[in-house]
file structure-v8.txt (compact mmCIF, C-alpha atoms)
# COMPACT_ATOMS: atom_id res chain seq x y z
CA MET A 1 0.00 0.00 0.00
CA THR A 2 1.41 3.37 -1.02
CA ASP A 3 0.10 6.14 1.21
CA HIS A 4 1.79 9.30 -0.05
CA LEU A 5 2.09 9.29 -3.83
CA PRO A 6 1.81 12.70 -5.52
CA PHE A 7 -1.06 13.28 -7.95
CA GLY A 8 0.95 12.68 -11.12
CA LYS A 9 2.31 9.36 -9.92
CA ARG A 10 -1.21 8.26 -9.00
CA VAL A 11 -2.32 8.99 -12.55
CA ARG A 12 0.61 6.97 -13.88
CA PHE A 13 -0.13 4.06 -11.51
CA TYR A 14 -3.77 3.79 -12.58
CA ARG A 15 -2.91 4.33 -16.25
CA GLU A 16 -0.43 1.46 -16.17
CA ARG A 17 -2.88 -0.71 -14.24
CA ARG A 18 -5.36 -0.20 -17.08
CA GLY A 19 -2.65 -1.08 -19.59
CA LEU A 20 -2.80 2.29 -21.35
CA HIS A 21 0.04 4.19 -22.99
CA GLN A 22 0.24 7.94 -22.43
CA TRP A 23 -0.97 8.62 -25.96
CA GLN A 24 -3.98 6.32 -25.45
CA LEU A 25 -5.02 8.10 -22.25
CA GLY A 26 -4.56 11.40 -24.08
CA GLU A 27 -6.92 10.26 -26.83
CA LEU A 28 -9.57 9.26 -24.28
CA LEU A 29 -9.37 12.77 -22.81
CA ASN A 30 -8.99 14.61 -26.13
CA ARG A 31 -5.56 15.73 -24.93
CA SER A 32 -2.04 15.25 -26.26
CA GLU A 33 0.46 12.62 -25.16
CA ASP A 34 2.67 15.48 -23.97
CA TRP A 35 -0.14 16.79 -21.73
CA VAL A 36 -0.42 13.37 -20.06
CA TYR A 37 3.37 13.24 -19.67
CA ARG A 38 3.44 16.65 -17.98
CA VAL A 39 0.55 15.77 -15.66
CA GLU A 40 2.31 12.59 -14.56
CA ALA A 41 5.57 14.51 -14.11
CA GLY A 42 3.81 16.98 -11.82
CA ARG A 43 4.32 19.90 -14.16
CA ILE A 44 0.62 20.60 -14.77
CA PRO A 45 -1.94 20.78 -11.94
CA VAL A 46 -5.37 19.29 -12.65
CA ASN A 47 -7.84 21.24 -10.51
CA ASN A 48 -10.82 21.54 -12.85
CA VAL A 49 -13.68 19.39 -11.52
CA LYS A 50 -14.80 18.34 -15.01
CA MET A 51 -11.27 17.33 -16.04
CA LEU A 52 -10.77 15.42 -12.79
CA ALA A 53 -14.04 13.57 -13.38
CA ASP A 54 -13.08 12.78 -17.00
CA LEU A 55 -9.63 11.59 -15.92
CA ALA A 56 -11.09 9.37 -13.19
CA GLU A 57 -13.62 7.92 -15.65
CA ALA A 58 -10.92 7.17 -18.22
CA LEU A 59 -8.84 5.43 -15.53
CA ARG A 60 -11.93 3.72 -14.05
CA VAL A 61 -11.33 4.98 -10.53
CA HIS A 62 -12.98 7.48 -8.18
CA VAL A 63 -11.98 11.14 -8.21
CA GLU A 64 -10.94 10.78 -4.57
CA ASP A 65 -8.56 7.98 -5.56
CA LEU A 66 -6.68 10.54 -7.63
CA GLN A 67 -6.83 13.36 -5.09
CA GLY A 68 -6.64 12.02 -1.56
CA ARG A 69 -5.25 9.02 0.29
CA PRO A 70 -4.73 6.49 -2.45
CA SER A 71 -6.44 3.17 -2.52
CA LEU A 72 -3.54 1.78 -4.52
CA LEU A 73 -2.58 -1.82 -4.05
CA ASP A 74 0.72 -2.71 -5.63
CA ASP A 75 1.03 -6.38 -6.53
CA ARG A 76 4.77 -6.33 -5.79
CA GLY A 77 6.89 -6.46 -2.65
CA GLY A 78 5.09 -7.35 0.57
CA HIS A 79 1.72 -7.57 -1.19
CA ALA A 80 2.84 -9.68 -4.11
CA ALA A 81 0.03 -11.25 -6.13
CA SER A 82 -2.80 -9.88 -3.95
CA VAL A 83 -5.16 -9.18 -6.84
CA PRO A 84 -4.19 -12.35 -8.76
CA ALA A 85 -4.78 -14.37 -5.59
CA ILE A 86 -8.26 -12.86 -5.22
CA ARG A 87 -8.91 -13.60 -8.90
CA ALA A 88 -7.86 -17.23 -8.39
CA ALA A 89 -10.16 -17.56 -5.37
CA LEU A 90 -13.11 -16.19 -7.35
CA MET A 91 -12.44 -18.36 -10.37
CA GLN A 92 -11.85 -21.67 -8.57
CA SER A 93 -14.53 -24.27 -8.05
CA ARG A 94 -14.11 -26.65 -5.17
CA LEU A 95 -15.60 -29.40 -7.31
CA LEU A 96 -13.22 -28.89 -10.25
CA ALA A 97 -9.97 -27.56 -8.78
CA GLY A 98 -7.69 -27.96 -5.80
CA GLY A 99 -5.50 -25.11 -4.69
CA LEU A 100 -7.16 -23.25 -1.84
CA TYR A 101 -9.51 -26.15 -1.08
CA ASP A 102 -6.93 -28.92 -0.68
CA GLY A 103 -7.07 -30.20 2.87
CA ARG A 104 -9.10 -27.20 4.01
CA GLU A 105 -11.27 -27.75 7.08
CA PRO A 106 -14.61 -25.91 7.01
CA LEU A 107 -15.05 -23.16 9.58
CA ARG A 108 -17.98 -23.11 11.97
CA LEU A 109 -20.51 -20.63 10.64
CA GLU A 110 -20.20 -18.52 13.78
CA ARG A 111 -16.45 -18.20 13.20
CA LEU A 112 -16.98 -17.45 9.52
CA ALA A 113 -19.39 -14.65 10.44
CA VAL A 114 -16.69 -13.09 12.64
CA GLU A 115 -14.17 -13.29 9.77
CA VAL A 116 -16.62 -11.58 7.40
CA ASP A 117 -17.24 -8.80 9.90
CA GLU A 118 -13.50 -8.29 10.34
CA ALA A 119 -13.08 -8.03 6.56
CA TRP A 120 -15.66 -5.26 6.37
CA ASN A 121 -14.02 -3.48 9.30
CA LEU A 122 -10.72 -3.51 7.41
CA TYR A 123 -12.37 -1.99 4.35
CA GLN A 124 -14.09 0.74 6.32
CA SER A 125 -10.82 1.50 8.10
CA SER A 126 -9.11 1.88 4.69
CA GLU A 127 -6.75 -1.00 5.48
CA TYR A 128 -6.93 -2.26 1.94
CA ALA A 129 -3.66 -4.20 1.83
CA ARG A 130 -4.58 -6.23 4.92
CA LEU A 131 -8.03 -6.88 3.48
CA ALA A 132 -6.61 -7.99 0.13
CA ALA A 133 -4.30 -10.42 1.93
CA ARG A 134 -7.24 -11.99 3.78
CA LEU A 135 -9.79 -12.19 1.01
CA PRO A 136 -8.52 -15.25 -0.92
CA ALA A 137 -8.76 -17.48 2.15
CA LEU A 138 -12.04 -15.92 3.26
CA LEU A 139 -13.58 -16.52 -0.17
CA ALA A 140 -12.44 -20.14 -0.04
CA ASP A 141 -13.87 -20.61 3.46
CA ALA A 142 -17.18 -18.97 2.53
CA ARG A 143 -17.53 -21.01 -0.65
CA LEU A 144 -16.61 -24.18 1.23
CA ALA A 145 -19.39 -23.44 3.71
CA THR A 146 -21.97 -23.41 0.89
CA HIS A 147 -20.82 -26.92 -0.11
CA GLU A 148 -20.78 -28.25 3.45
CA HIS A 149 -24.24 -26.98 4.39
CA THR A 150 -26.79 -28.23 1.88
CA THR A 151 -30.16 -27.94 3.65
CA GLY A 152 -32.12 -25.96 6.19
CA ASN A 153 -31.19 -22.82 8.09
CA THR A 154 -27.46 -23.54 8.03
CA ARG A 155 -27.59 -23.62 4.23
CA ILE A 156 -29.27 -20.21 4.19
CA GLN A 157 -26.72 -18.79 6.63
CA ALA A 158 -23.81 -20.14 4.58
CA LEU A 159 -25.23 -18.58 1.39
CA LYS A 160 -25.69 -15.23 3.12
CA LEU A 161 -22.12 -15.25 4.42
CA PHE A 162 -20.76 -16.11 0.98
CA ALA A 163 -22.86 -13.33 -0.56
CA VAL A 164 -21.60 -10.62 1.79
CA THR A 165 -18.02 -11.89 1.40
CA CYS A 166 -18.41 -11.39 -2.34
CA HIS A 167 -19.85 -7.94 -1.63
CA ALA A 168 -16.77 -6.94 0.37
CA THR A 169 -14.55 -8.37 -2.37
CA ALA A 170 -16.36 -6.49 -5.14
CA THR A 171 -16.24 -3.24 -3.18
CA LEU A 172 -12.48 -3.47 -2.72
CA LEU A 173 -11.84 -4.50 -6.32
CA ARG A 174 -13.97 -1.65 -7.62
CA LYS A 175 -11.92 0.79 -5.55
CA LEU A 176 -8.73 -0.71 -6.97
CA GLY A 177 -10.00 -0.13 -10.51
CA GLU A 178 -10.43 -3.88 -11.15
CA THR A 179 -13.95 -3.40 -12.48
CA ASN A 180 -14.25 -6.62 -14.48
CA LEU A 181 -13.13 -8.74 -11.55
CA ALA A 182 -15.41 -6.76 -9.23
CA TRP A 183 -18.29 -7.71 -11.50
CA VAL A 184 -17.44 -11.42 -11.11
CA ALA A 185 -17.56 -11.05 -7.32
CA ALA A 186 -20.79 -9.02 -7.38
CA ASP A 187 -22.49 -11.50 -9.71
CA GLN A 188 -21.50 -14.52 -7.63
CA GLY A 189 -22.71 -12.77 -4.48
CA ASP A 190 -26.01 -11.79 -6.11
CA ILE A 191 -26.68 -15.39 -7.14
CA ALA A 192 -26.01 -16.62 -3.59
CA ALA A 193 -28.21 -13.88 -2.11
CA CYS A 194 -31.11 -14.82 -4.38
CA GLU A 195 -30.80 -18.48 -3.38
CA ALA A 196 -30.79 -17.51 0.30
CA ASP A 197 -33.98 -15.52 -0.40
CA ASP A 198 -33.27 -12.95 2.32
CA PRO A 199 -34.53 -9.46 1.34
CA ALA A 200 -31.77 -7.69 3.28
CA VAL A 201 -28.93 -9.63 1.65
CA ILE A 202 -30.55 -9.39 -1.78
CA LEU A 203 -30.84 -5.61 -1.41
CA ALA A 204 -27.22 -5.35 -0.24
CA LEU A 205 -26.00 -7.29 -3.27
CA ARG A 206 -28.18 -5.36 -5.71
CA ARG A 207 -26.60 -2.19 -4.36
CA CYS A 208 -23.23 -3.87 -4.86
CA VAL A 209 -24.11 -4.67 -8.49
CA ALA A 210 -25.16 -1.07 -9.11
CA HIS A 211 -22.00 0.20 -7.42
CA VAL A 212 -19.80 -1.88 -9.73
CA GLN A 213 -21.82 -0.79 -12.77
CA LEU A 214 -21.20 2.84 -11.81
CA GLY A 215 -17.49 2.07 -11.67
CA ALA A 216 -17.73 0.69 -15.20
CA GLY A 217 -19.42 3.87 -16.45
CA MET A 218 -22.80 2.12 -16.75
CA ALA A 219 -24.88 4.73 -14.95
CA ALA A 220 -28.14 3.92 -16.75
CA GLU A 221 -27.82 0.23 -15.86
CA ALA A 222 -26.96 1.09 -12.25
CA LEU A 223 -30.04 3.30 -11.97
CA ASP A 224 -32.22 0.56 -13.45
CA VAL A 225 -30.90 -1.99 -10.93
CA THR A 226 -31.60 0.49 -8.11
CA VAL A 227 -35.20 1.11 -9.17
CA ARG A 228 -35.94 -2.58 -9.77
CA ALA A 229 -34.44 -3.60 -6.43
CA ALA A 230 -36.57 -1.06 -4.55
CA ASP A 231 -39.73 -2.04 -6.45
CA ALA A 232 -39.18 -5.72 -5.67
CA LEU A 233 -39.16 -5.20 -1.89
CA PRO A 234 -42.08 -6.55 0.13
CA ARG A 235 -44.58 -3.80 0.92
CA GLY A 236 -43.47 -1.79 3.95
CA TRP A 237 -40.27 -3.83 4.39
CA TRP A 238 -37.94 -0.83 4.04
CA ASP A 239 -38.91 0.71 7.41
CA TYR A 240 -39.16 -2.58 9.29
CA SER A 241 -35.83 -2.28 11.15
CA PRO A 242 -32.66 -0.18 11.38
CA ALA A 243 -30.98 -2.59 8.94
CA SER A 244 -33.77 -2.33 6.37
CA LEU A 245 -33.85 1.46 6.67
CA SER A 246 -30.08 1.59 6.18
CA LEU A 247 -30.07 -0.73 3.17
CA TYR A 248 -32.99 1.09 1.55
CA GLY A 249 -31.42 4.48 2.17
CA THR A 250 -27.99 3.48 0.92
CA LEU A 251 -29.50 1.92 -2.20
CA HIS A 252 -31.14 5.24 -3.05
CA LEU A 253 -27.96 7.22 -2.35
CA ASN A 254 -26.29 5.01 -4.94
CA GLY A 255 -29.23 5.65 -7.27
CA ALA A 256 -28.89 9.39 -6.78
CA VAL A 257 -25.25 9.25 -7.89
CA ALA A 258 -26.24 7.21 -10.95
CA ALA A 259 -28.95 9.72 -11.85
CA ALA A 260 -26.48 12.59 -11.43
CA ARG A 261 -24.03 10.88 -13.80
CA LEU A 262 -26.90 10.84 -16.33
CA ARG A 263 -27.51 14.55 -15.64
CA ASP A 264 -31.06 13.71 -14.55
CA ARG A 265 -31.61 16.17 -11.72
CA SER A 266 -35.25 15.24 -11.18
CA PHE A 267 -34.46 11.56 -10.72
CA ALA A 268 -31.47 12.38 -8.51
CA ASP A 269 -33.67 14.57 -6.30
CA ASP A 270 -36.25 11.78 -6.05
CA MET A 271 -33.57 9.27 -5.02
CA MET A 272 -32.21 11.72 -2.43
CA ALA A 273 -35.69 12.35 -1.04
CA LYS A 274 -36.18 8.62 -0.43
CA ALA A 275 -32.76 8.32 1.19
CA THR A 276 -33.50 11.36 3.37
CA ARG A 277 -36.80 9.84 4.47
CA ALA A 278 -35.02 6.66 5.52
CA ALA A 279 -32.32 8.63 7.38
CA ASP A 280 -34.95 10.69 9.20
CA ARG A 281 -36.74 7.51 10.28
CA LEU A 282 -33.44 6.00 11.40
CA GLY A 283 -32.61 9.17 13.33
CA ALA A 284 -28.86 8.64 13.78
CA ASP A 285 -25.71 7.56 12.00
CA THR A 286 -25.33 3.79 12.19
CA ASN A 287 -23.40 1.06 10.40
CA GLU A 288 -26.05 -1.61 9.94
CA MET A 289 -24.78 -4.29 7.55
CA TRP A 290 -21.74 -2.09 6.89
CA THR A 291 -23.77 0.64 5.18
CA ALA A 292 -22.47 3.59 7.26
CA PHE A 293 -25.92 5.05 6.67
CA GLY A 294 -27.56 7.91 8.52
CA PRO A 295 -28.26 11.65 8.27
CA MET A 296 -24.57 12.51 7.87
CA ASN A 297 -24.10 10.08 5.00
CA VAL A 298 -27.07 11.70 3.26
CA GLU A 299 -25.42 15.12 3.62
CA ILE A 300 -22.11 13.72 2.34
CA HIS A 301 -23.91 12.55 -0.79
CA ARG A 302 -25.80 15.83 -1.07
CA LEU A 303 -22.47 17.64 -1.32
CA ALA A 304 -21.17 15.07 -3.83
CA LEU A 305 -24.22 15.63 -6.01
CA ALA A 306 -23.85 19.40 -5.82
CA LEU A 307 -20.30 18.99 -7.12
CA GLU A 308 -21.47 16.52 -9.76
CA PHE A 309 -24.02 19.03 -11.05
CA GLU A 310 -21.45 21.85 -10.65
CA ASP A 311 -23.77 23.73 -8.26
CA LEU A 312 -20.88 25.53 -6.60
CA GLN A 313 -22.93 27.79 -4.33
CA ASP A 314 -24.92 24.83 -2.98
CA ALA A 315 -21.66 22.97 -2.40
CA VAL A 316 -20.11 25.93 -0.58
CA ASP A 317 -23.19 26.21 1.63
CA LEU A 318 -23.19 22.49 2.44
CA ALA A 319 -19.47 22.01 3.11
CA PRO A 320 -19.25 23.67 6.58
CA GLY A 321 -21.95 21.35 7.93
CA LEU A 322 -20.08 18.17 7.04
CA ARG A 323 -18.51 17.06 10.29
CA PRO A 324 -18.67 13.25 10.28
CA GLY A 325 -18.31 11.81 13.78
CA ARG A 326 -16.83 8.56 15.03
CA HIS A 327 -19.93 6.62 13.96
CA VAL A 328 -19.00 7.31 10.32
CA PRO A 329 -16.22 4.91 9.16
CA VAL A 330 -12.79 6.24 8.22
CA GLU A 331 -13.30 5.44 4.54
CA ARG A 332 -16.48 7.52 4.39
CA ARG A 333 -15.00 10.37 6.46
CA ALA A 334 -12.03 10.54 4.10
CA ARG A 335 -14.35 10.72 1.10
CA ALA A 336 -16.28 13.58 2.69
CA ARG A 337 -13.11 15.53 3.45
CA LEU A 338 -11.97 15.14 -0.14
CA ASP A 339 -15.25 16.57 -1.42
CA VAL A 340 -14.96 19.48 1.01
CA ALA A 341 -11.42 20.07 -0.27
CA ARG A 342 -12.67 19.99 -3.86
CA CYS A 343 -15.34 22.49 -2.90
CA ASP A 344 -12.77 24.80 -1.29
CA ALA A 345 -10.49 24.55 -4.34
CA CYS A 346 -13.35 25.40 -6.71
CA SER A 347 -14.43 28.30 -4.52
CA ALA A 348 -10.89 29.69 -4.37
CA ARG A 349 -10.54 29.40 -8.14
CA GLU A 350 -13.87 31.16 -8.72
CA THR A 351 -12.76 33.97 -6.38
CA GLU A 352 -9.41 34.26 -8.16
CA PHE A 353 -11.03 34.69 -11.56
CA ALA A 354 -13.95 36.85 -10.39
call {"tool": "encode", "arguments": {"input": "structure-v8.txt", "output": "structure tokens"}}
result
Amino acid sequence: MTDHLPFGKRVRFYRERRGLHQWQLGELLNRSEDWVYRVEAGRIPVNNVKMLADLAEALRVHVEDLQGRPSLLDDRGGHAASVPAIRAALMQSRLLAGGLYDGREPLRLERLAVEVDEAWNLYQSSEYARLAARLPALLADARLATHEHTTGNTRIQALKLFAVTCHATATLLRKLGETNLAWVAADQGDIAACEADDPAVILALRRCVAHVQLGAGMAAEALDVTVRAADALPRGWWDYSPASLSLYGTLHLNGAVAAARLRDRSFADDMMAKATRAADRLGADTNEMWTAFGPMNVEIHRLALALEFEDLQDAVDLAPGLRPGRHVPVERRARARLDVARCDACSARETEFA
């Protein structure tokens, strides 16, 4: 994990991870190869919000991955083969291959649940290298559980644990820019969630699917998944418990981002209204099923949408109120601070040229 790379070196890291030459990235951005070279050499600052968004889209990462603490995972040195090992774990079948499954003893489901929770804690603490090191074995253990438990409640529990393990895997891979592999994890998790037939896990994995689609630039598909997932919920289920409120609210925050990417302000506002309603019913910031959902998360997304729509005055007005407390995970707090920093940079630039 590299924690202090300058902006230009981040761009180079993600460009090389995508397998692009400088001239190819330049073509995607309608810029010259020399412009890309100078950005990577730190000779040209990239402060324009639109250019940052275009650069992030071309590199298939988040804007905050370029600006703030990196979520880079180098597959060399102490973390050698982390992503390939995760890929191998996702692609292996216990019935057709050995490897991770040879001589492996199945974990008790209670122990597996603890391991899954620890994995999510690592993600939300931004400890991505440690998480990547754990995921191959956790995926193997979770998949093994679905083969060991074939009937009854234990079968359902095993499927749910495998589904949320895939969710954590997809979330990390999406952040690393491994969108295609993230899709494999999200799809496998979604299939397991549907077999378990638990509305909460199904909703969590549908949000995961939409999240990965957003990372692949498929905003329309992500919005469609969001709407269909909400429509498929049992009547009144969304406000049944803190977990259901959190999942419903987070789903619609994701939908709001998708709508904003499509420049559909009306749909984005509708998604935000539903998320706000869920946050108001919840009444506090919580972390049910690792959603980090609550009133503060809604405001974090409200600022992100203002920046997405380039509503600078709204963003400036919202920024001072964003003070995420200890109930908001580190990963989400960092994202909020980056958006506040973007807002401050845009405001300073507007003042300079006024």
call {"tool": "closest_residue", "arguments": {"input": "structure-v8.txt", "among": "A:Ala58, A:Val201, A:Ala137, A:Leu161", "to": "Val114 in chain A", "atoms": "all atoms listed in the file"}}
result
A:Leu161
call {"tool": "residues_around", "arguments": {"input": "structure-v8.txt", "residues": "Asp314 in chain A", "least_positions_apart": "4", "cutoff": "10 Å", "atoms": "all atoms listed in the file", "output": "list in words"}}
result
Arg302, Leu303, Leu305, Ala306, Leu307, Phe309, Glu310, Leu318, Ala319 and Cys343 of chain A
call {"tool": "closest_residue", "arguments": {"input": "structure-v8.txt", "among": "A:Ala220, A:Leu181, A:Met289, A:Leu144", "to": "Val116 in chain A", "atoms": "all atoms listed in the file"}}
result
A:Met289
call {"tool": "residues_around", "arguments": {"input": "structure-v8.txt", "residues": "Ser244 in chain A", "least_positions_apart": "2", "cutoff": "12 Å", "atoms": "only C-alpha atoms", "output": "PyMOL selection string"}}
result
chain A and resi 198-204+230+233-234+236-242+246-251+275+278-279+281-282+286-289+291+293
call {"tool": "residues_around", "arguments": {"input": "structure-v8.txt", "residues": "Glu331 in chain A", "least_positions_apart": "6", "cutoff": "8 Å", "atoms": "all atoms listed in the file", "output": "mmCIF file with C-alpha atoms, keeping the file's coordinate frame"}}
result
data_model
loop_
_atom_site.group_PDB
_atom_site.id
_atom_site.type_symbol
_atom_site.label_atom_id
_atom_site.label_comp_id
_atom_site.auth_asym_id
_atom_site.auth_seq_id
_atom_site.Cartn_x
_atom_site.Cartn_y
_atom_site.Cartn_z
ATOM 1 C CA TYR A 123 -12.370 -1.990 4.350
ATOM 2 C CA GLN A 124 -14.090 0.740 6.320
ATOM 3 C CA SER A 125 -10.820 1.500 8.100
ATOM 4 C CA SER A 126 -9.110 1.880 4.690
#
call {"tool": "atom_distance", "arguments": {"input": "structure-v8.txt", "atom1": "CA of Arg342 in chain A", "atom2": "CA of Asp224 in chain A"}}
result
29.2 Å
call {"tool": "atom_distance", "arguments": {"input": "structure-v8.txt", "atom1": "CA of Arg332 in chain A", "atom2": "CA of Val39 in chain A"}}
result
27.6 Å
call {"tool": "residues_around", "arguments": {"input": "structure-v8.txt", "residues": "Glu33 in chain A", "least_positions_apart": "2", "cutoff": "9 Å", "atoms": "all atoms listed in the file", "output": "JSON, numbers by chain"}}
result
{"A": [21, 22, 23, 24, 25, 26, 27, 31, 35, 36, 37, 38]}
